[in-house]
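Asker: For reference, this is run.txt, and it has compact mmCIF, C-alpha atoms.
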```txt
# COMPACT_ATOMS: atom_id res chain seq x y z
CA MET A 1 -0.29 3.49 35.14
CA ALA A 2 -2.75 5.43 33.00
CA ASP A 3 -1.48 7.95 30.46
CA ILE A 4 -3.26 11.13 31.47
CA THR A 5 -1.37 13.18 28.87
CA GLY A 6 -2.97 11.48 25.85
CA ILE A 7 0.43 11.16 24.15
CA ALA A 8 0.29 7.36 23.87
CA GLU A 9 -3.26 7.54 22.52
CA THR A 10 -2.24 10.15 19.94
CA ALA A 11 0.72 8.01 18.84
CA GLN A 12 -1.55 4.97 18.46
CA SER A 13 -4.05 7.00 16.43
CA ALA A 14 -1.29 8.25 14.12
CA GLU A 15 0.03 4.69 13.71
CA SER A 16 -3.48 3.39 12.95
CA ALA A 17 -4.04 6.16 10.39
CA ALA A 18 -0.71 5.38 8.70
CA THR A 19 -1.52 1.65 8.60
CA PHE A 20 -4.97 2.40 7.17
CA ALA A 21 -3.52 4.69 4.50
CA GLU A 22 -0.90 2.08 3.62
CA SER A 23 -3.46 -0.72 3.40
CA ARG A 24 -5.78 1.52 1.35
CA GLY A 25 -2.93 2.34 -1.05
CA GLU A 26 -1.96 -1.33 -1.20
CA SER A 27 -5.57 -2.28 -1.85
CA GLU A 28 -5.83 0.22 -4.72
CA LEU A 29 -2.52 -1.01 -6.17
CA ARG A 30 -3.69 -4.62 -5.96
CA ALA A 31 -7.00 -3.78 -7.66
CA SER A 32 -5.26 -1.87 -10.45
CA ASN A 33 -2.74 -4.66 -11.08
CA ARG A 34 -5.45 -7.31 -10.94
CA ALA A 35 -7.42 -5.43 -13.62
CA ILE A 36 -4.33 -5.56 -15.87
CA VAL A 37 -3.98 -9.33 -15.28
CA GLU A 38 -7.64 -9.78 -16.22
CA GLN A 39 -7.18 -7.60 -19.32
CA TYR A 40 -4.13 -9.65 -20.36
CA MET A 41 -5.94 -12.97 -19.91
CA ASN A 42 -9.08 -11.82 -21.74
CA THR A 43 -7.34 -10.23 -24.75
CA ARG A 44 -8.30 -12.03 -27.96
CA GLY A 45 -7.82 -11.83 -31.71
CA GLN A 46 -6.06 -8.81 -33.19
CA ASP A 47 -6.10 -7.09 -29.79
CA ARG A 48 -3.31 -9.50 -28.82
CA LEU A 49 -1.00 -7.38 -31.02
CA ARG A 50 -1.22 -4.58 -28.40
CA ARG A 51 -0.89 -6.74 -25.29
CA HIS A 52 2.86 -6.01 -25.04
CA LEU A 53 1.97 -2.43 -24.11
CA LEU A 54 0.93 -3.75 -20.67
CA PHE A 55 4.64 -4.47 -19.94
CA THR A 56 7.46 -2.31 -18.63
CA GLU A 57 10.01 -1.28 -21.24
CA ASP A 58 12.39 -3.98 -19.98
CA GLY A 59 9.66 -6.49 -19.12
CA THR A 60 9.95 -10.20 -19.77
CA GLY A 61 7.48 -12.88 -20.70
CA GLY A 62 7.61 -16.41 -21.88
CA LEU A 63 7.15 -20.12 -21.48
CA TRP A 64 8.88 -21.72 -18.52
CA THR A 65 8.04 -25.35 -19.40
CA THR A 66 9.66 -26.57 -22.62
CA GLU A 67 11.00 -29.82 -24.03
CA THR A 68 14.56 -28.57 -23.40
CA GLY A 69 13.96 -27.92 -19.73
CA GLN A 70 14.99 -24.28 -20.29
CA PRO A 71 12.54 -21.39 -20.45
CA ILE A 72 11.86 -19.38 -23.58
CA VAL A 73 12.19 -15.79 -22.35
CA ILE A 74 11.27 -12.78 -24.45
CA THR A 75 12.95 -9.63 -23.09
CA GLY A 76 11.83 -6.06 -23.73
CA ARG A 77 8.48 -4.52 -24.65
CA ASP A 78 9.34 -4.23 -28.37
CA ARG A 79 10.46 -7.86 -28.56
CA LEU A 80 7.27 -8.88 -26.73
CA GLY A 81 5.40 -7.05 -29.51
CA ASP A 82 7.25 -9.20 -32.08
CA HIS A 83 6.33 -12.27 -30.04
CA GLY A 84 2.68 -11.17 -30.13
CA GLN A 85 2.79 -11.21 -33.95
CA TRP A 86 4.37 -14.68 -33.95
CA SER A 87 1.82 -15.92 -31.42
CA LEU A 88 -1.13 -14.64 -33.46
CA LYS A 89 0.24 -16.45 -36.53
CA CYS A 90 0.90 -19.74 -34.69
CA PHE A 91 -2.16 -19.63 -32.40
CA PRO A 92 -4.65 -17.61 -34.49
CA ASP A 93 -7.84 -18.29 -32.51
CA TRP A 94 -6.35 -18.86 -29.05
CA VAL A 95 -8.55 -18.26 -26.00
CA TRP A 96 -7.99 -18.55 -22.27
CA THR A 97 -10.99 -20.00 -20.42
CA ASN A 98 -11.90 -20.95 -16.86
CA ILE A 99 -9.65 -18.12 -15.68
CA GLU A 100 -9.04 -17.90 -11.93
CA VAL A 101 -6.89 -15.03 -10.64
CA PHE A 102 -5.16 -15.51 -7.29
CA GLU A 103 -3.78 -12.62 -5.26
CA THR A 104 -0.70 -13.02 -3.05
CA GLN A 105 0.60 -11.16 0.00
CA ASP A 106 2.42 -8.88 -2.45
CA PRO A 107 0.05 -6.52 -4.36
CA ASN A 108 2.51 -6.70 -7.29
CA HIS A 109 2.39 -10.51 -7.68
CA PHE A 110 -0.49 -12.60 -9.04
CA TRP A 111 -1.02 -16.19 -10.14
CA VAL A 112 -3.57 -17.36 -12.69
CA GLU A 113 -4.87 -20.88 -13.29
CA CYS A 114 -6.75 -21.43 -16.53
CA ASP A 115 -7.34 -23.55 -19.60
CA GLY A 116 -6.27 -22.57 -23.09
CA GLU A 117 -7.48 -23.79 -26.45
CA GLY A 118 -7.15 -23.11 -30.15
CA THR A 119 -5.48 -23.93 -33.44
CA ILE A 120 -1.73 -24.56 -33.35
CA ARG A 121 0.28 -23.84 -36.54
CA PHE A 122 3.98 -24.56 -36.23
CA PRO A 123 6.12 -24.87 -39.37
CA ASP A 124 7.09 -28.50 -40.12
CA TYR A 125 4.00 -29.87 -38.33
CA PRO A 126 0.41 -30.34 -39.45
CA ASP A 127 -2.09 -27.84 -38.06
CA GLY A 128 -3.67 -29.19 -34.90
CA HIS A 129 -6.14 -28.36 -32.19
CA TYR A 130 -4.29 -27.62 -28.96
CA ARG A 131 -5.81 -27.76 -25.50
CA ASN A 132 -3.92 -27.50 -22.20
CA HIS A 133 -4.08 -26.38 -18.57
CA PHE A 134 -1.91 -23.41 -17.60
CA LEU A 135 -0.49 -21.49 -14.68
CA HIS A 136 0.69 -17.91 -15.16
CA SER A 137 2.74 -15.76 -12.81
CA PHE A 138 2.61 -11.96 -13.10
CA LEU A 139 5.01 -9.59 -11.34
CA PHE A 140 4.34 -5.84 -11.57
CA GLU A 141 6.47 -2.72 -11.34
CA ASN A 142 4.93 0.76 -11.33
CA GLY A 143 1.61 -0.43 -12.73
CA LYS A 144 3.08 -2.45 -15.62
CA ILE A 145 3.92 -6.13 -16.02
CA LYS A 146 7.61 -6.62 -15.23
CA ARG A 147 7.64 -10.42 -15.61
CA GLN A 148 5.06 -12.86 -16.97
CA ARG A 149 5.75 -16.60 -16.81
CA GLU A 150 3.61 -19.33 -18.37
CA PHE A 151 3.65 -22.95 -17.21
CA MET A 152 1.93 -25.86 -18.97
CA ASN A 153 2.24 -29.57 -19.77
CA PRO A 154 4.50 -29.83 -22.87
CA CYS A 155 3.18 -33.34 -23.60
CA GLU A 156 -0.21 -31.86 -24.54
CA GLN A 157 1.51 -29.61 -27.06
CA PHE A 158 3.38 -32.62 -28.49
CA ARG A 159 0.08 -34.44 -28.97
CA ALA A 160 -1.48 -31.43 -30.72
CA LEU A 161 1.49 -31.38 -33.12
CA GLY A 162 1.23 -35.12 -33.81
CA ILE A 163 4.42 -35.95 -31.88
CA THR A 164 4.35 -39.33 -30.14
CA VAL A 165 4.78 -38.95 -26.39
CA PRO A 166 6.85 -41.71 -24.75
CA GLN A 167 5.38 -43.67 -21.88
CA VAL A 168 7.14 -43.70 -18.52
CA LYS A 169 6.85 -47.01 -16.66
CA ARG A 170 6.03 -46.23 -13.05
CA ALA A 171 5.78 -49.71 -11.60
CA ASP A 172 3.91 -50.10 -8.34
CA ILE A 173 2.89 -46.44 -8.02
CA PRO A 174 -0.23 -46.29 -5.87
CA THR A 175 -3.09 -44.45 -7.55
```
Step by step, read the file and then write its structure as structure tokens.
Answerer:
Amino acid sequence: MADITGIAETAQSAESAATFAESRGESELRASNRAIVEQYMNTRGQDRLRRHLLFTEDGTGGLWTTETGQPIVITGRDRLGDHGQWSLKCFPDWVWTNIEVFETQDPNHFWVECDGEGTIRFPDYPDGHYRNHFLHSFLFENGKIKRQREFMNPCEQFRALGITVPQVKRADIPT
């Protein structure tokens, strides 16, 4: 039966307007957060010393793939600032290249796939040239990075530091 009162039509219009406003707000949030991800990934040189300001006060960042199997997690904006100083000393000319940013269903969550390259200077090891492929995960809260996680192949870091990487025998693996 047709709705001659127009009530159903009005309700649908209000629902459509609310959905549009929500998707518009979500779209703006996604664009703003994506711009911060791109800023983070394209920060170089001394500007890296201010990158921690992109984080929430209690934000975390770090390396989730280590030789111990446990992540290295830096907690808190101030501590992330200290980590930025350490990173600039140990990776003085580091650059991210071939950066691809991937959006998810959540406007506060992004993934990045990229390459990274530069000098590596760790105490107790000779300086080396380090090159690797990386994945990064970014989670946002109120327009700031709440959690940043970095994933890479630790064996490439070993090689850059002159550490012999053991061979795993994978007999009969089809390639």
Asker: Which neighbours of A:Glu156 fall inside 10 Å, counting all atoms listed in the file, when residues of the same chain fewer than 4 positions from it are skipped, and could you give them as a ChimeraX atom specification?
Answerer: /A:130-133,152,160-163,165
Asker: Counting only C-alpha atoms, which residue out of A:Thr65, A:Asn98, A:Thr119, A:Gln148 sits closest to A:His52?
Answerer: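 Ranking A:Thr65, A:Asn98, A:Thr119, A:Gln148 by distance to A:His52, first place goes to A:Gln148.
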Asker: So how many Å separate atom CA of A:Leu135 and atom CA of A:Asn42, to one decimal?
Answerer: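 Atom CA of A:Leu135 sits 14.7 Å away from atom CA of A:Asn42.
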Asker: May I ask which of the residues A:Glu117, A:Glu141, A:Phe110, A:Val168 is the closest one to A:Trp94, counting all atoms listed in the file?
Answerer: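 Of all the options, A:Glu117 lies closest to A:Trp94.
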Asker: Can you list, as a PyMOL selection string, every protein, DNA or RNA residue that comes within 9 Å of A:Leu63 when you count only C-alpha atoms, leaving out same-chain residues fewer than 4 positions away?
Answerer: chain A and resi 70-74+148-152
Asker: Since we have the selection now, will you write its residues out, keeping C-alpha atoms, as an mmCIF file, in the coordinates of the input?
Answerer:
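Dumped everything to again.cif:
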```cif
data_model
loop_
_atom_site.group_PDB
_atom_site.id
_atom_site.type_symbol
_atom_site.label_atom_id
_atom_site.label_comp_id
_atom_site.auth_asym_id
_atom_site.auth_seq_id
_atom_site.Cartn_x
_atom_site.Cartn_y
_atom_site.Cartn_z
ATOM 1 C CA GLN A 70 14.990 -24.280 -20.290
ATOM 2 C CA PRO A 71 12.540 -21.390 -20.450
ATOM 3 C CA ILE A 72 11.860 -19.380 -23.580
ATOM 4 C CA VAL A 73 12.190 -15.790 -22.350
ATOM 5 C CA ILE A 74 11.270 -12.780 -24.450
ATOM 6 C CA GLN A 148 5.060 -12.860 -16.970
ATOM 7 C CA ARG A 149 5.750 -16.600 -16.810
ATOM 8 C CA GLU A 150 3.610 -19.330 -18.370
ATOM 9 C CA PHE A 151 3.650 -22.950 -17.210
ATOM 10 C CA MET A 152 1.930 -25.860 -18.970
#
```
Asker: Measure the distance from atom CA of A:Arg44 to atom CA of A:Phe138 in Å and round it to one decimal.
Answerer: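 Rounded to one decimal, the two atoms are 18.4 Å apart.
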Asker: Extract stretch 80-173 of chain A from the structure I just pasted (atoms: C-alpha atoms) and return it as a CSV table (one decimal), in the first residue's frame.
Answerer:
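As a result, decode11.csv now contains:
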```
chain,number,residue,atom,x,y,z
A,80,LEU,CA,59.4,8.6,21.0
A,81,GLY,CA,61.2,11.9,20.8
A,82,ASP,CA,64.2,10.2,22.5
A,83,HIS,CA,63.9,7.3,20.0
A,84,GLY,CA,64.0,9.9,17.2
A,85,GLN,CA,67.4,11.2,18.4
A,86,TRP,CA,68.7,7.6,18.6
A,87,SER,CA,67.3,6.8,15.2
A,88,LEU,CA,69.0,9.8,13.6
A,89,LYS,CA,72.3,8.9,15.1
A,90,CYS,CA,72.1,5.2,14.0
A,91,PHE,CA,70.4,5.8,10.6
A,92,PRO,CA,71.6,9.3,9.7
A,93,ASP,CA,70.6,9.4,6.1
A,94,TRP,CA,67.6,7.1,6.2
A,95,VAL,CA,64.9,7.4,3.5
A,96,TRP,CA,61.7,5.6,2.8
A,97,THR,CA,61.0,5.0,-0.9
A,98,ASN,CA,58.4,3.4,-3.1
A,99,ILE,CA,55.8,4.3,-0.5
A,100,GLU,CA,52.3,2.9,-1.0
A,101,VAL,CA,49.7,3.9,1.5
A,102,PHE,CA,46.7,1.5,1.9
A,103,GLU,CA,43.4,2.6,3.5
A,104,THR,CA,41.3,0.1,5.4
A,105,GLN,CA,37.6,0.0,6.3
A,106,ASP,CA,38.5,2.0,9.4
A,107,PRO,CA,39.4,5.7,8.7
A,108,ASN,CA,41.8,5.5,11.7
A,109,HIS,CA,43.8,2.5,10.4
A,110,PHE,CA,46.3,2.5,7.6
A,111,TRP,CA,49.0,0.2,6.2
A,112,VAL,CA,52.1,1.2,4.3
A,113,GLU,CA,54.4,-0.9,2.1
A,114,CYS,CA,57.7,0.6,1.2
A,115,ASP,CA,61.4,0.2,0.9
A,116,GLY,CA,64.0,1.8,3.2
A,117,GLU,CA,67.6,2.5,2.7
A,118,GLY,CA,70.6,4.3,4.4
A,119,THR,CA,73.6,4.0,6.5
A,120,ILE,CA,73.4,1.9,9.6
A,121,ARG,CA,75.6,2.7,12.6
A,122,PHE,CA,75.2,0.4,15.6
A,123,PRO,CA,77.9,0.3,18.3
A,124,ASP,CA,80.0,-2.8,18.2
A,125,TYR,CA,79.4,-3.2,14.4
A,126,PRO,CA,81.1,-1.7,11.4
A,127,ASP,CA,79.1,1.0,9.6
A,128,GLY,CA,77.1,-0.6,6.8
A,129,HIS,CA,74.6,0.2,4.1
A,130,TYR,CA,71.2,-1.1,5.0
A,131,ARG,CA,68.4,-1.8,2.6
A,132,ASN,CA,65.1,-3.6,3.4
A,133,HIS,CA,61.4,-3.9,2.5
A,134,PHE,CA,58.9,-2.7,5.2
A,135,LEU,CA,55.3,-2.8,6.2
A,136,HIS,CA,54.0,-0.2,8.6
A,137,SER,CA,50.7,-0.1,10.5
A,138,PHE,CA,49.2,3.2,11.8
A,139,LEU,CA,46.3,3.5,14.2
A,140,PHE,CA,44.9,6.9,14.9
A,141,GLU,CA,43.1,8.5,17.8
A,142,ASN,CA,41.7,12.1,17.6
A,143,GLY,CA,43.9,13.0,14.7
A,144,LYS,CA,47.2,11.7,16.1
A,145,ILE,CA,49.1,8.5,15.8
A,146,LYS,CA,48.1,6.2,18.7
A,147,ARG,CA,50.2,3.2,17.5
A,148,GLN,CA,52.8,2.7,14.8
A,149,ARG,CA,54.2,-0.7,14.1
A,150,GLU,CA,57.1,-1.5,11.7
A,151,PHE,CA,57.7,-4.9,10.2
A,152,MET,CA,60.8,-5.9,8.2
A,153,ASN,CA,63.1,-8.9,7.4
A,154,PRO,CA,65.7,-8.9,10.3
A,155,CYS,CA,68.1,-11.0,8.1
A,156,GLU,CA,68.7,-8.0,5.9
A,157,GLN,CA,69.7,-6.0,8.9
A,158,PHE,CA,72.0,-8.8,10.0
A,159,ARG,CA,73.7,-8.7,6.6
A,160,ALA,CA,74.1,-4.9,6.8
A,161,LEU,CA,75.8,-5.3,10.1
A,162,GLY,CA,78.1,-8.0,8.8
A,163,ILE,CA,76.4,-10.8,10.8
A,164,THR,CA,76.4,-14.1,9.1
A,165,VAL,CA,72.8,-15.4,8.5
A,166,PRO,CA,72.4,-19.1,8.9
A,167,GLN,CA,70.9,-21.1,6.1
A,168,VAL,CA,67.7,-23.1,6.6
A,169,LYS,CA,67.6,-26.4,4.7
A,170,ARG,CA,64.1,-26.7,3.2
A,171,ALA,CA,64.4,-30.0,1.3
A,172,ASP,CA,62.0,-30.6,-1.5
A,173,ILE,CA,60.2,-27.3,-1.2
```
